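> What follows is my_file.cif; its format and atoms are mmCIF, C-alpha atoms and all ligand atoms.
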```cif
data_start
loop_
_atom_site.label_atom_id
_atom_site.label_comp_id
_atom_site.auth_asym_id
_atom_site.auth_seq_id
_atom_site.Cartn_x
_atom_site.Cartn_y
_atom_site.Cartn_z
CA MET Y 1 49.21 42.63 16.76
CA THR Y 2 47.40 39.64 15.38
CA ASP Y 3 43.69 39.58 14.65
CA THR Y 4 43.25 35.91 15.69
CA LEU Y 5 43.38 34.56 19.24
CA PRO Y 6 46.17 32.08 20.06
CA ALA Y 7 45.03 28.41 20.21
CA GLY Y 8 43.63 27.48 23.62
CA SER Y 9 42.84 31.07 24.53
CA VAL Y 10 40.51 31.39 27.46
CA LEU Y 11 37.93 34.07 26.85
CA ARG Y 12 36.68 33.98 30.40
CA SER Y 13 38.51 34.08 33.68
CA PRO Y 14 39.04 30.80 35.61
CA GLY Y 15 36.58 32.09 38.22
CA ALA Y 16 33.88 32.61 35.60
CA ILE Y 17 34.44 29.14 34.17
CA GLN Y 18 34.17 27.61 37.62
CA ALA Y 19 30.93 29.50 38.19
CA MET Y 20 29.55 28.17 34.90
CA GLY Y 21 30.48 24.61 35.89
CA ALA Y 22 28.76 25.05 39.25
CA ARG Y 23 25.67 26.42 37.54
CA LEU Y 24 25.43 23.45 35.15
CA HIS Y 25 26.01 21.07 38.03
CA ALA Y 26 23.13 22.70 39.93
CA VAL Y 27 20.85 22.42 36.90
CA GLU Y 28 21.68 18.74 36.52
CA ALA Y 29 21.12 18.11 40.23
CA ARG Y 30 17.69 19.80 40.02
CA LEU Y 31 16.70 17.71 37.00
CA THR Y 32 17.84 14.49 38.64
CA ALA Y 33 16.01 15.29 41.88
CA ALA Y 34 12.79 16.00 39.94
CA THR Y 35 12.75 12.53 38.34
CA ALA Y 36 11.66 10.86 41.59
CA THR Y 37 8.17 12.37 41.42
CA ASN Y 38 7.98 13.23 37.71
CA ILE Y 39 5.36 10.67 36.56
CA GLY Y 40 2.77 12.96 35.00
CA PHE Y 41 4.42 13.54 31.63
CA PRO Y 42 4.89 11.22 28.66
CA ALA Y 43 8.67 10.86 28.38
CA ALA Y 44 10.17 7.36 28.50
CA ARG Y 45 13.41 7.09 30.45
CA ASP Y 46 14.61 3.57 29.91
CA ILE Y 47 16.74 3.98 26.77
CA ASP Y 48 20.37 5.03 27.22
CA TYR Y 49 21.38 7.56 24.57
CA ARG Y 50 24.88 8.19 25.91
CA PRO Y 51 26.53 6.00 23.21
CA LEU Y 52 25.71 8.87 20.83
CA ALA Y 53 27.86 11.36 22.77
CA PRO Y 54 30.70 11.35 20.16
CA LEU Y 55 28.26 12.85 17.64
CA LEU Y 56 27.94 15.96 19.81
CA GLY Y 57 31.18 17.16 18.27
CA HIS Y 58 29.41 17.64 14.91
CA LEU Y 59 26.61 19.81 13.63
CA LEU Y 60 24.16 17.25 12.24
CA ASN Y 61 21.77 19.06 9.94
CA ASN Y 62 19.37 16.97 7.84
CA LEU Y 63 18.50 19.68 5.38
CA GLY Y 64 15.64 19.15 2.97
CA ASP Y 65 14.02 16.01 1.64
CA PRO Y 66 15.32 12.88 3.43
CA ARG Y 67 15.36 10.89 0.19
CA ILE Y 68 17.94 13.16 -1.41
CA ASP Y 69 21.41 13.62 0.12
CA PRO Y 70 21.97 17.39 0.19
CA LEU Y 71 25.16 19.18 -0.79
CA TYR Y 72 25.89 19.92 2.87
CA PRO Y 73 28.03 16.97 4.07
CA GLY Y 74 27.14 17.13 7.80
CA HIS Y 75 23.90 15.17 7.43
CA VAL Y 76 22.71 11.73 8.51
CA HIS Y 77 19.99 11.25 5.90
CA ASP Y 78 20.97 7.58 5.71
CA LEU Y 79 19.98 7.12 9.38
CA GLU Y 80 16.81 9.18 8.87
CA ARG Y 81 15.77 6.95 5.97
CA GLU Y 82 16.18 3.86 8.17
CA VAL Y 83 14.06 5.49 10.88
CA LEU Y 84 11.37 6.27 8.32
CA ASP Y 85 11.47 2.71 6.92
CA PHE Y 86 11.05 1.29 10.43
CA THR Y 87 8.12 3.62 11.12
CA ALA Y 88 6.53 2.95 7.72
CA GLU Y 89 6.54 -0.75 8.53
CA LEU Y 90 4.95 -0.09 11.95
CA PHE Y 91 2.22 2.12 10.47
CA ARG Y 92 1.67 -0.15 7.43
CA ALA Y 93 2.47 2.47 4.84
CA PRO Y 94 1.61 1.50 1.24
CA PRO Y 95 4.20 1.60 -1.58
CA GLY Y 96 4.89 5.21 -2.57
CA TRP Y 97 4.71 6.59 0.98
CA SER Y 98 6.88 9.49 2.09
CA GLY Y 99 7.75 11.26 5.32
CA TYR Y 100 10.38 13.06 7.34
CA LEU Y 101 11.61 13.71 10.86
CA THR Y 102 9.99 16.77 12.39
CA SER Y 103 10.65 19.00 15.37
CA GLY Y 104 7.80 17.20 17.23
CA GLY Y 105 4.15 16.19 17.15
CA THR Y 106 3.05 19.79 16.59
CA GLU Y 107 4.94 20.11 13.30
CA GLY Y 108 3.63 16.68 12.25
CA ASN Y 109 0.05 17.86 12.77
CA LEU Y 110 0.69 21.08 10.87
CA TYR Y 111 2.26 19.15 7.99
CA GLY Y 112 -0.54 16.56 7.80
CA MET Y 113 -3.21 19.26 7.82
CA TRP Y 114 -1.24 21.29 5.27
CA LEU Y 115 -1.25 18.29 2.91
CA GLY Y 116 -4.99 17.93 3.57
CA ARG Y 117 -5.66 21.57 2.76
CA THR Y 118 -3.51 21.35 -0.38
CA LYS Y 119 -5.56 18.40 -1.61
CA LEU Y 120 -8.92 19.80 -0.47
CA PRO Y 121 -8.59 23.62 -0.44
CA ASN Y 122 -12.21 24.30 0.52
CA ALA Y 123 -12.30 21.78 3.36
CA VAL Y 124 -13.69 22.20 6.86
CA ALA Y 125 -11.48 20.75 9.63
CA TYR Y 126 -13.00 18.62 12.40
CA TYR Y 127 -11.30 17.50 15.60
CA SER Y 128 -12.49 16.55 19.05
CA SER Y 129 -12.52 18.80 22.10
CA ALA Y 130 -9.80 16.50 23.53
CA ALA Y 131 -7.47 17.12 20.55
CA HIS Y 132 -4.09 18.67 21.32
CA TYR Y 133 -3.95 22.46 21.21
CA SER Y 134 -1.62 22.25 18.19
CA VAL Y 135 -4.61 21.18 16.06
CA PRO Y 136 -6.74 24.36 16.39
CA LYS Y 137 -3.46 26.30 16.07
CA ALA Y 138 -2.73 24.54 12.75
CA CYS Y 139 -6.26 25.42 11.54
CA HIS Y 140 -5.58 29.04 12.41
CA LEU Y 141 -2.21 29.06 10.63
CA LEU Y 142 -3.67 27.37 7.54
CA GLY Y 143 -6.81 29.51 7.49
CA LEU Y 144 -9.02 26.41 7.78
CA ALA Y 145 -12.61 26.65 9.03
CA ALA Y 146 -12.57 24.60 12.26
CA VAL Y 147 -15.34 22.64 13.95
CA GLU Y 148 -14.89 21.07 17.37
CA VAL Y 149 -16.63 17.75 17.99
CA THR Y 150 -17.64 16.62 21.48
CA THR Y 151 -16.18 13.56 23.21
CA THR Y 152 -17.51 10.72 25.29
CA VAL Y 153 -16.58 10.66 28.99
CA SER Y 154 -13.48 8.60 28.25
CA GLY Y 155 -12.21 11.31 25.86
CA GLN Y 156 -12.94 9.56 22.54
CA MET Y 157 -14.52 11.50 19.68
CA ASP Y 158 -18.33 11.32 19.67
CA TYR Y 159 -18.98 10.03 16.13
CA THR Y 160 -22.69 10.91 16.27
CA ASP Y 161 -21.73 14.51 16.94
CA LEU Y 162 -19.21 14.33 14.05
CA THR Y 163 -21.97 13.17 11.67
CA ARG Y 164 -24.34 15.86 12.93
CA LYS Y 165 -21.81 18.67 12.56
CA ALA Y 166 -20.32 17.46 9.26
CA ALA Y 167 -23.82 17.17 7.74
CA ARG Y 168 -24.22 20.94 8.22
CA HIS Y 169 -21.27 21.42 5.81
CA ARG Y 170 -21.96 18.51 3.48
CA SER Y 171 -21.21 20.58 0.37
CA ARG Y 172 -17.59 20.95 1.52
CA PRO Y 173 -14.81 18.35 1.87
CA ALA Y 174 -13.66 17.35 5.36
CA ILE Y 175 -10.26 17.16 7.01
CA VAL Y 176 -10.58 15.15 10.23
CA VAL Y 177 -7.85 14.89 12.84
CA ALA Y 178 -8.19 11.66 14.79
CA THR Y 179 -6.33 11.72 18.10
CA ILE Y 180 -4.51 8.49 18.82
CA GLY Y 181 -3.95 8.90 22.53
CA THR Y 182 -5.44 12.14 23.84
CA THR Y 183 -3.22 14.25 26.04
CA MET Y 184 -5.27 13.89 29.21
CA THR Y 185 -6.89 10.41 29.08
CA GLU Y 186 -5.02 8.66 26.21
CA ALA Y 187 -8.33 7.95 24.48
CA VAL Y 188 -7.99 6.67 20.91
CA ASP Y 189 -10.25 7.83 18.08
CA ASP Y 190 -11.09 5.06 15.61
CA VAL Y 191 -10.40 5.98 11.98
CA THR Y 192 -12.97 3.46 10.68
CA ASP Y 193 -15.62 5.09 12.87
CA VAL Y 194 -14.54 8.50 11.54
CA HIS Y 195 -15.02 7.31 7.94
CA ASN Y 196 -18.40 5.80 8.81
CA ALA Y 197 -19.50 9.06 10.44
CA LEU Y 198 -18.52 11.01 7.29
CA ASP Y 199 -20.38 8.47 5.11
CA ALA Y 200 -23.45 9.03 7.26
CA ALA Y 201 -23.07 12.80 6.82
CA GLY Y 202 -22.93 12.38 3.03
CA ILE Y 203 -19.33 13.64 2.70
CA ARG Y 204 -17.32 11.95 -0.03
CA HIS Y 205 -14.14 14.07 -0.28
CA ARG Y 206 -12.14 13.73 2.90
CA TYR Y 207 -8.67 13.54 4.41
CA VAL Y 208 -7.96 11.92 7.78
CA HIS Y 209 -4.79 12.77 9.71
CA SER Y 210 -3.91 10.65 12.76
CA ASP Y 211 -2.28 12.62 15.55
CA ALA Y 212 -0.55 9.66 17.14
CA ALA Y 213 1.99 11.74 19.09
CA LEU Y 214 1.72 9.71 22.26
CA ALA Y 215 0.23 6.29 21.55
CA GLY Y 216 0.88 5.54 17.88
CA VAL Y 217 4.08 3.52 18.28
CA PRO Y 218 3.04 1.44 21.32
CA LEU Y 219 -0.37 0.70 19.78
CA ALA Y 220 1.24 -0.36 16.51
CA THR Y 221 3.10 -3.10 18.39
CA THR Y 222 -0.17 -4.50 19.78
CA ALA Y 223 -2.87 -6.79 18.43
CA ASN Y 224 -6.58 -5.85 18.86
CA ARG Y 225 -6.05 -2.12 18.78
CA PRO Y 226 -8.38 0.48 17.25
CA ALA Y 227 -8.04 1.42 13.56
CA PHE Y 228 -5.62 4.35 13.24
CA ASP Y 229 -2.75 3.80 10.79
CA LEU Y 230 -2.11 4.27 7.07
CA ALA Y 231 -3.66 0.89 6.22
CA ASP Y 232 -6.74 1.76 8.28
CA GLY Y 233 -7.65 4.88 6.27
CA ALA Y 234 -5.47 7.70 7.63
CA VAL Y 235 -3.72 9.63 4.83
CA SER Y 236 -1.03 10.94 7.18
CA ILE Y 237 0.14 10.12 10.68
CA SER Y 238 2.52 11.84 13.09
CA VAL Y 239 4.23 10.93 16.36
CA SER Y 240 6.56 12.60 18.86
CA GLY Y 241 10.01 11.01 19.22
CA HIS Y 242 10.66 12.17 22.77
CA LYS Y 243 7.55 10.44 24.15
CA PHE Y 244 7.64 6.67 23.66
CA PHE Y 245 11.27 6.60 22.47
CA GLY Y 246 12.28 9.11 25.16
CA THR Y 247 14.94 10.82 23.05
CA PRO Y 248 16.73 13.50 25.09
CA VAL Y 249 16.04 16.04 22.34
CA VAL Y 250 12.50 16.84 21.22
CA CYS Y 251 11.62 15.48 17.78
CA GLY Y 252 8.94 13.68 15.80
CA ILE Y 253 8.07 11.66 12.71
CA VAL Y 254 5.43 12.27 10.05
CA LEU Y 255 4.42 9.87 7.29
CA THR Y 256 1.97 10.17 4.45
CA ARG Y 257 0.56 7.64 2.02
CA ARG Y 258 1.68 9.69 -0.97
CA LYS Y 259 4.62 11.67 -2.24
CA PRO Y 260 3.52 15.27 -1.67
CA GLU Y 261 4.07 16.37 -5.28
CA GLU Y 262 2.22 19.65 -4.77
CA LEU Y 263 4.70 20.95 -2.19
CA THR Y 264 8.06 20.15 -3.76
CA PRO Y 265 9.82 23.14 -5.26
CA ASN Y 266 13.42 22.45 -6.11
CA VAL Y 267 16.17 24.20 -4.07
CA PRO Y 268 19.12 24.25 -6.50
CA TYR Y 269 21.72 25.75 -4.14
CA LEU Y 270 21.21 22.86 -1.68
CA ASN Y 271 20.60 20.15 -4.29
CA THR Y 272 17.35 19.11 -2.64
CA HIS Y 273 13.58 19.45 -2.75
CA ASP Y 274 11.59 21.49 -0.26
CA THR Y 275 9.26 18.79 1.08
CA THR Y 276 9.54 19.69 4.78
CA ILE Y 277 8.21 22.55 6.93
CA SER Y 278 11.54 23.38 8.56
CA GLY Y 279 14.58 23.85 6.35
CA SER Y 280 17.37 22.85 8.76
CA ARG Y 281 16.33 19.71 10.65
CA ASN Y 282 17.79 17.96 13.67
CA GLY Y 283 20.18 15.24 12.54
CA LEU Y 284 21.08 14.34 16.12
CA ALA Y 285 17.42 13.42 16.66
CA ALA Y 286 17.61 11.17 13.58
CA ALA Y 287 20.65 9.42 15.05
CA MET Y 288 18.89 9.01 18.40
CA LEU Y 289 15.72 7.54 16.89
CA TRP Y 290 17.87 5.24 14.76
CA HIS Y 291 19.67 4.12 17.93
CA ALA Y 292 16.36 3.41 19.72
CA MET Y 293 14.89 1.51 16.80
CA THR Y 294 17.99 -0.47 15.85
CA SER Y 295 19.07 -1.43 19.35
CA LEU Y 296 15.65 -2.77 20.41
CA GLY Y 297 13.82 -3.62 17.19
CA PRO Y 298 10.03 -4.07 16.95
CA THR Y 299 9.96 -6.87 19.53
CA GLY Y 300 11.94 -4.88 22.07
CA HIS Y 301 9.53 -1.98 21.72
CA ALA Y 302 6.50 -4.27 21.96
CA ASP Y 303 7.94 -5.60 25.25
CA ARG Y 304 8.51 -2.07 26.57
CA ALA Y 305 4.89 -1.16 25.75
CA GLU Y 306 3.55 -4.29 27.41
CA ARG Y 307 5.59 -3.70 30.56
CA ALA Y 308 4.32 -0.09 30.73
CA ARG Y 309 0.71 -1.33 30.52
CA GLU Y 310 1.41 -3.75 33.36
CA VAL Y 311 2.69 -0.87 35.49
CA ALA Y 312 -0.47 1.11 34.61
CA ALA Y 313 -2.66 -1.85 35.68
CA TYR Y 314 -0.64 -2.13 38.90
CA THR Y 315 -1.14 1.60 39.58
CA ILE Y 316 -4.92 1.27 39.29
CA GLN Y 317 -4.94 -1.75 41.54
CA ARG Y 318 -2.85 0.00 44.22
CA LEU Y 319 -4.93 3.19 44.13
CA ARG Y 320 -8.24 1.35 44.28
CA HIS Y 321 -6.94 -0.75 47.15
CA ILE Y 322 -6.58 2.40 49.27
CA GLY Y 323 -9.98 3.66 48.08
CA TRP Y 324 -8.62 6.32 45.72
CA PRO Y 325 -10.72 6.46 42.48
CA ALA Y 326 -8.71 5.55 39.36
CA TRP Y 327 -9.37 4.34 35.80
CA ARG Y 328 -7.71 4.02 32.41
CA ASN Y 329 -8.63 3.54 28.77
CA PRO Y 330 -7.92 0.12 27.23
CA LEU Y 331 -4.24 -0.41 26.27
CA SER Y 332 -3.21 2.95 27.70
CA PHE Y 333 -0.23 3.91 29.86
CA THR Y 334 -2.23 6.80 31.34
CA VAL Y 335 -4.00 6.35 34.67
CA LEU Y 336 -6.63 8.90 35.71
CA LEU Y 337 -6.87 9.39 39.45
CA ARG Y 338 -8.87 11.71 41.63
CA ARG Y 339 -6.92 14.96 42.12
CA LEU Y 340 -4.20 14.76 44.74
CA PRO Y 341 -4.64 16.74 47.97
CA VAL Y 342 -3.32 20.30 47.50
CA GLY Y 343 -0.31 19.75 49.79
CA MET Y 344 0.87 16.75 47.73
CA ALA Y 345 0.33 18.30 44.33
CA THR Y 346 3.34 20.58 44.64
CA VAL Y 347 5.69 17.63 45.24
CA TRP Y 348 4.01 15.37 42.64
CA PRO Y 349 3.37 17.65 39.62
CA LEU Y 350 0.53 15.76 37.91
CA PRO Y 351 -1.41 17.51 35.09
CA SER Y 352 -5.05 17.93 36.12
CA GLU Y 353 -8.43 18.81 34.63
CA GLY Y 354 -11.56 19.18 36.74
CA ASP Y 355 -11.56 16.56 39.50
CA TRP Y 356 -8.98 14.34 37.80
CA SER Y 357 -5.20 14.17 37.49
CA HIS Y 358 -3.12 11.69 35.54
CA ILE Y 359 -0.04 9.53 35.90
CA ILE Y 360 1.58 8.28 32.69
CA CYS Y 361 3.35 4.96 33.20
CA MET Y 362 5.90 5.46 30.44
CA PRO Y 363 8.66 2.86 30.06
CA GLY Y 364 11.11 3.60 32.85
CA VAL Y 365 8.42 4.38 35.45
CA GLU Y 366 8.81 1.46 37.82
CA THR Y 367 6.38 0.19 40.46
CA ALA Y 368 8.60 1.56 43.26
CA ARG Y 369 7.72 5.08 42.12
CA ILE Y 370 4.00 4.21 42.14
CA ASP Y 371 4.38 2.69 45.61
CA SER Y 372 5.99 5.89 46.80
CA LEU Y 373 3.03 7.98 45.55
CA VAL Y 374 0.43 5.63 46.99
CA ASN Y 375 2.24 5.40 50.35
CA THR Y 376 2.44 9.20 50.51
CA LEU Y 377 -1.30 9.39 49.81
CA VAL Y 378 -2.00 6.95 52.65
CA THR Y 379 0.23 8.87 55.08
CA TYR Y 380 -1.29 12.15 53.99
CA GLY Y 381 -4.81 10.78 54.55
CA SER Y 382 -4.03 9.39 58.02
CA ASN Y 383 -2.28 12.61 59.12
CA ARG Y 384 -5.31 14.63 58.12
CA GLY Y 385 -7.96 12.18 59.31
C1 LIG Y 401 -2.02 14.14 21.37
C2 LIG Y 401 -0.86 15.07 21.20
N1 LIG Y 401 -0.65 15.63 20.01
C3 LIG Y 401 0.37 16.48 19.78
C4 LIG Y 401 1.23 16.80 20.80
C5 LIG Y 401 2.33 17.79 20.53
O1 LIG Y 401 3.54 17.13 20.46
P1 LIG Y 401 4.93 17.92 20.63
O2 LIG Y 401 4.96 18.40 22.03
O3 LIG Y 401 5.92 16.85 20.29
O4 LIG Y 401 4.91 19.02 19.64
C6 LIG Y 401 1.06 16.25 22.07
C7 LIG Y 401 1.98 16.60 23.17
O5 LIG Y 401 1.75 16.40 24.31
C8 LIG Y 401 -0.01 15.36 22.28
O6 LIG Y 401 -0.24 14.80 23.48
#
```
The structure given in the file should be rewritten as structure tokens.

Amino acid sequence: MTDTLPAGSVLRSPGAIQAMGARLHAVEARLTAATATNIGFPAARDIDYRPLAPLLGHLLNNLGDPRIDPLYPGHVHDLEREVLDFTAELFRAPPGWSGYLTSGGTEGNLYGMWLGRTKLPNAVAYYSSAAHYSVPKACHLLGLAAVEVTTTVSGQMDYTDLTRKAARHRSRPAIVVATIGTTMTEAVDDVTDVHNALDAAGIRHRYVHSDAALAGVPLATTANRPAFDLADGAVSISVSGHKFFGTPVVCGIVLTRRKPEELTPNVPYLNTHDTTISGSRNGLAAAMLWHAMTSLGPTGHADRAERAREVAAYTIQRLRHIGWPAWRNPLSFTVLLRRLPVGMATVWPLPSEGDWSHIICMPGVETARIDSLVNTLVTYGSNRG
């Protein structure tokens, strides 16, 4: 008897393996079929990540601080550092900045607000009612007093309401989360207006985090955009990697103006510093973001963003032409349209709130898909009318 299995041993019967193959095939077929009408969610689909397939044979774990190569050899910290440099340039980070690749926009928000609370322990957190649900969750996790600020109809923070509410707590510092592309309407809070509102409330000690999960990267490639980045007065900024870059694994990026000294205990057994929320981090995501950034460069991404805005403008024009109410915020990929008829909504799964649904014209959503939705709406209307 041996206690190891011979090389090439099959643990499962051929029938079971065939069944597994059929199951995966069915899953892939379902996912592919769904893409035809999947235009309500912010995942770009135009970048081909298949060149990275050879890396799937390795466990890529970017443990610990990206600036220090850990003892564990299966990392791609070099690629992560290039991704961070690219992003720091986009978000105009000052010398001395730091950052890391996160598991997504949610972790980026938690990290930014954690840094804020570390710097200003007695702070009150403010965010708009259109902020992502990860923001009140981060307040809860961090034990921060939270105040919700109202929005205008377009979904932007109401700065008068911010001043009014912050003035009630003027003896305490403020942490404000500005949303750079709200989930439903892609409204963009202006960091300069946030600072002005806090000045008017008489609050000197403050920390602004930009939750730029959706719109940060495309806006950074554009002239005449609202103030939101590290040169505009945000202390930290986070984005999701699977949204504009459309990586096939979920991930994100967070940057801060400063090295977070306060949070850096040494981890001797790994030869690194503990500057990140997660210990093990996704190295495959780092390789994918590196691929997206290196293959297209800033100009390629600016072109992708511009093309997506053109598709959004086309969508509005087509919907209005058939008399279906539609609007969008300036520079956004998101088009708000009156809710679809109930019968259509099951085939076209568009997120909705109140009377409105949205389409997000991410790179990869082509006009043919918009035509298909609009033509279905017309047919649906004439069949009913
Ligand atoms: C504005 C905003 N912030 C944060 C998030 C959370 O990002 P993630 O899903 O990458 O954690 C989202 C996701 O939709 C978002 O729209």
> Residues within 10 Å of Tyr269 of chain Y, please, as an MDAnalysis selection string. Count only C-alpha atoms; anything in the same chain fewer than 2 positions from it doesn't count.
chainID Y and resid 70:71 266:267 271:272
> Keeping only C-alpha atoms, write those residues as a tab-separated table (two decimals), in the frame of the given file.

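Now in part32.tsv:
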```
chain	number	residue	atom	x	y	z
Y	70	PRO	CA	21.97	17.39	0.19
Y	71	LEU	CA	25.16	19.18	-0.79
Y	266	ASN	CA	13.42	22.45	-6.11
Y	267	VAL	CA	16.17	24.20	-4.07
Y	271	ASN	CA	20.60	20.15	-4.29
Y	272	THR	CA	17.35	19.11	-2.64
```
> Could you give me, as a list of chain:residue names, the residues that sit within 9 Å of (-1.4, 17.2, 10.7) in the file's coordinates, counting all atoms listed in the file?
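It turns out the residues near that spot are Y:Gly105, Y:Thr106, Y:Glu107, Y:Gly108, Y:Asn109, Y:Leu110, Y:Tyr111, Y:Gly112, Y:Met113, Y:Trp114, Y:Leu115, Y:Gly116, Y:Val135, Y:Ala138, Y:Val177, Y:Val208, Y:His209, Y:Ser210, Y:Asp211, Y:Ser236, Y:Ile237, Y:Ser238, Y:Val254.
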> Can those selected residues be exported to a file as a PDB file, in the frame of the given file so that it contains C-alpha atoms?

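Listed below is the output, part.pdb:
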```pdb
ATOM      1  CA  GLY Y 105       4.150  16.190  17.150  1.00  0.00           C
ATOM      2  CA  THR Y 106       3.050  19.790  16.590  1.00  0.00           C
ATOM      3  CA  GLU Y 107       4.940  20.110  13.300  1.00  0.00           C
ATOM      4  CA  GLY Y 108       3.630  16.680  12.250  1.00  0.00           C
ATOM      5  CA  ASN Y 109       0.050  17.860  12.770  1.00  0.00           C
ATOM      6  CA  LEU Y 110       0.690  21.080  10.870  1.00  0.00           C
ATOM      7  CA  TYR Y 111       2.260  19.150   7.990  1.00  0.00           C
ATOM      8  CA  GLY Y 112      -0.540  16.560   7.800  1.00  0.00           C
ATOM      9  CA  MET Y 113      -3.210  19.260   7.820  1.00  0.00           C
ATOM     10  CA  TRP Y 114      -1.240  21.290   5.270  1.00  0.00           C
ATOM     11  CA  LEU Y 115      -1.250  18.290   2.910  1.00  0.00           C
ATOM     12  CA  GLY Y 116      -4.990  17.930   3.570  1.00  0.00           C
ATOM     13  CA  VAL Y 135      -4.610  21.180  16.060  1.00  0.00           C
ATOM     14  CA  ALA Y 138      -2.730  24.540  12.750  1.00  0.00           C
ATOM     15  CA  VAL Y 177      -7.850  14.890  12.840  1.00  0.00           C
ATOM     16  CA  VAL Y 208      -7.960  11.920   7.780  1.00  0.00           C
ATOM     17  CA  HIS Y 209      -4.790  12.770   9.710  1.00  0.00           C
ATOM     18  CA  SER Y 210      -3.910  10.650  12.760  1.00  0.00           C
ATOM     19  CA  ASP Y 211      -2.280  12.620  15.550  1.00  0.00           C
ATOM     20  CA  SER Y 236      -1.030  10.940   7.180  1.00  0.00           C
ATOM     21  CA  ILE Y 237       0.140  10.120  10.680  1.00  0.00           C
ATOM     22  CA  SER Y 238       2.520  11.840  13.090  1.00  0.00           C
ATOM     23  CA  VAL Y 254       5.430  12.270  10.050  1.00  0.00           C
TER      24      VAL Y 254
END
```
> Which residue, Y:His242, Y:Arg12, Y:Arg45, Y:Arg50, has the smallest gap to ligand LIG 401 (chain Y) when you use only C-alpha atoms and all ligand atoms?
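Ranked by minimum distance to ligand LIG 401 (chain Y), first place goes to Y:His242.
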> Rank nothing, just name the residue among Y:Phe91, Y:Phe244, Y:Tyr380, Y:Trp327 nearest to ligand LIG 401 (chain Y), using all atoms listed in the file.
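Of all the options, Y:Phe244 lies closest to ligand LIG 401 (chain Y).
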> Report, in Å to a single decimal, how far apart atom CA of Ser98 of chain Y and atom CA of Pro268 of chain Y are.
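Interatomic distance here is 21.0 Å.
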> If the limit is 9 Å from any atom of ligand LIG 401 (chain Y), counting all atoms listed in the file, which residues qualify? Return them as a PyMOL selection string.
chain Y and resi 41-42+102-109+130-135+179-184+186+211-215+238-243+250-252
> Please report as JSON lines every residue of segment 5-83 of chain Y lying within 10 Å of segment 292-299 of chain Y, along with the nearest atom pair and their distance in Å (one decimal), using all atoms listed in the file.

```
{"residue": "Y:Ile47", "atom": "CA", "partner": "Y:Ala292", "partner_atom": "CA", "distance": 7.1}
{"residue": "Y:Asp48", "atom": "CA", "partner": "Y:Ala292", "partner_atom": "CA", "distance": 8.7}
{"residue": "Y:Tyr49", "atom": "CA", "partner": "Y:Ala292", "partner_atom": "CA", "distance": 8.1}
{"residue": "Y:Glu82", "atom": "CA", "partner": "Y:Thr294", "partner_atom": "CA", "distance": 9.0}
{"residue": "Y:Val83", "atom": "CA", "partner": "Y:Met293", "partner_atom": "CA", "distance": 7.2}
```
> Using all atoms listed in the file, which of the listed residues (Y:Gly99, Y:Gly283, Y:Pro94, Y:Pro363) sits closest to Pro218 of chain Y?
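Comparing Y:Gly99, Y:Gly283, Y:Pro94, Y:Pro363 against Pro218 of chain Y, the winner is Y:Pro363.
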> Which protein, DNA or RNA residues are at most 8 Å from (-16.4, 23.7, 14.3) in the file's coordinates when you count all atoms listed in the file, listed as a list of chain:residue names?
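Residues lying no farther than 8 Å from the given point: Y:Ala125, Y:Tyr126, Y:Ala145, Y:Ala146, Y:Val147, Y:Glu148, Y:Val149, Y:Lys165.
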> For the selection you just gave me, I'd like the residues written to a file as a PDB file, in the frame of the given file, keeping C-alpha atoms.

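The resulting selection10.pdb:
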```pdb
ATOM      1  CA  ALA Y 125     -11.480  20.750   9.630  1.00  0.00           C
ATOM      2  CA  TYR Y 126     -13.000  18.620  12.400  1.00  0.00           C
ATOM      3  CA  ALA Y 145     -12.610  26.650   9.030  1.00  0.00           C
ATOM      4  CA  ALA Y 146     -12.570  24.600  12.260  1.00  0.00           C
ATOM      5  CA  VAL Y 147     -15.340  22.640  13.950  1.00  0.00           C
ATOM      6  CA  GLU Y 148     -14.890  21.070  17.370  1.00  0.00           C
ATOM      7  CA  VAL Y 149     -16.630  17.750  17.990  1.00  0.00           C
ATOM      8  CA  LYS Y 165     -21.810  18.670  12.560  1.00  0.00           C
TER       9      LYS Y 165
END
```
> With distances taken over all atoms listed in the file, which residue among Y:Val124, Y:Leu141, Y:Val347, Y:Ala43 lies nearest Ser171 of chain Y?
Y:Val124
> Could you tell me how far atom CA of Ala88 of chain Y sits from atom CA of Leu284 of chain Y, in Å to one decimal place?
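So the two atoms, atom CA of Leu284 of chain Y and atom CA of Ala88 of chain Y, lie 20.3 Å apart.
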> Atom CA of Phe228 of chain Y and atom CA of Thr275 of chain Y, how far apart in Å?
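Rounded to one decimal, the two atoms are 24.0 Å apart.
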> If we count all atoms listed in the file and set the cut-off at 10 Å, which residues sit around segment 51-68 of chain Y, ignoring sequence neighbours fewer than 4 positions away in its own chain? Please answer as a VMD selection string.
chain Y and resid 72 to 81 84 98 to 101 264 266 to 267 270 to 288 291
> Give me the residues within 6 Å of segment 191-197 of chain Y as a ChimeraX atom specification, counting all atoms listed in the file and dropping any in the same chain fewer than 6 places off.
/Y:159,163,227-228
> Find, counting all atoms listed in the file, the residue in Y:Leu373, Y:Leu198, Y:Ile360, Y:Val217 that gets nearest to Leu162 of chain Y.
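Under the stated criterion, the closest residue is Y:Leu198.
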> So, counting all atoms listed in the file, which residue among Y:Ala44, Y:Ala34, Y:Ala123, Y:Val374 is closest to His301 of chain Y?
Y:Ala44
> Pro325 of chain Y: which residues within 8 Å, counting all atoms listed in the file, same-chain residues fewer than 3 positions away excluded, as a PyMOL selection string?
chain Y and resi 319-320+337-338
> Mind checking which residues fall within 12 Å of Thr152 of chain Y, counting only C-alpha atoms, ignoring those fewer than 3 positions away in the same chain, and posting them as number ranges by chain?
Y: 128-130, 149, 155-162, 185, 187-189, 329
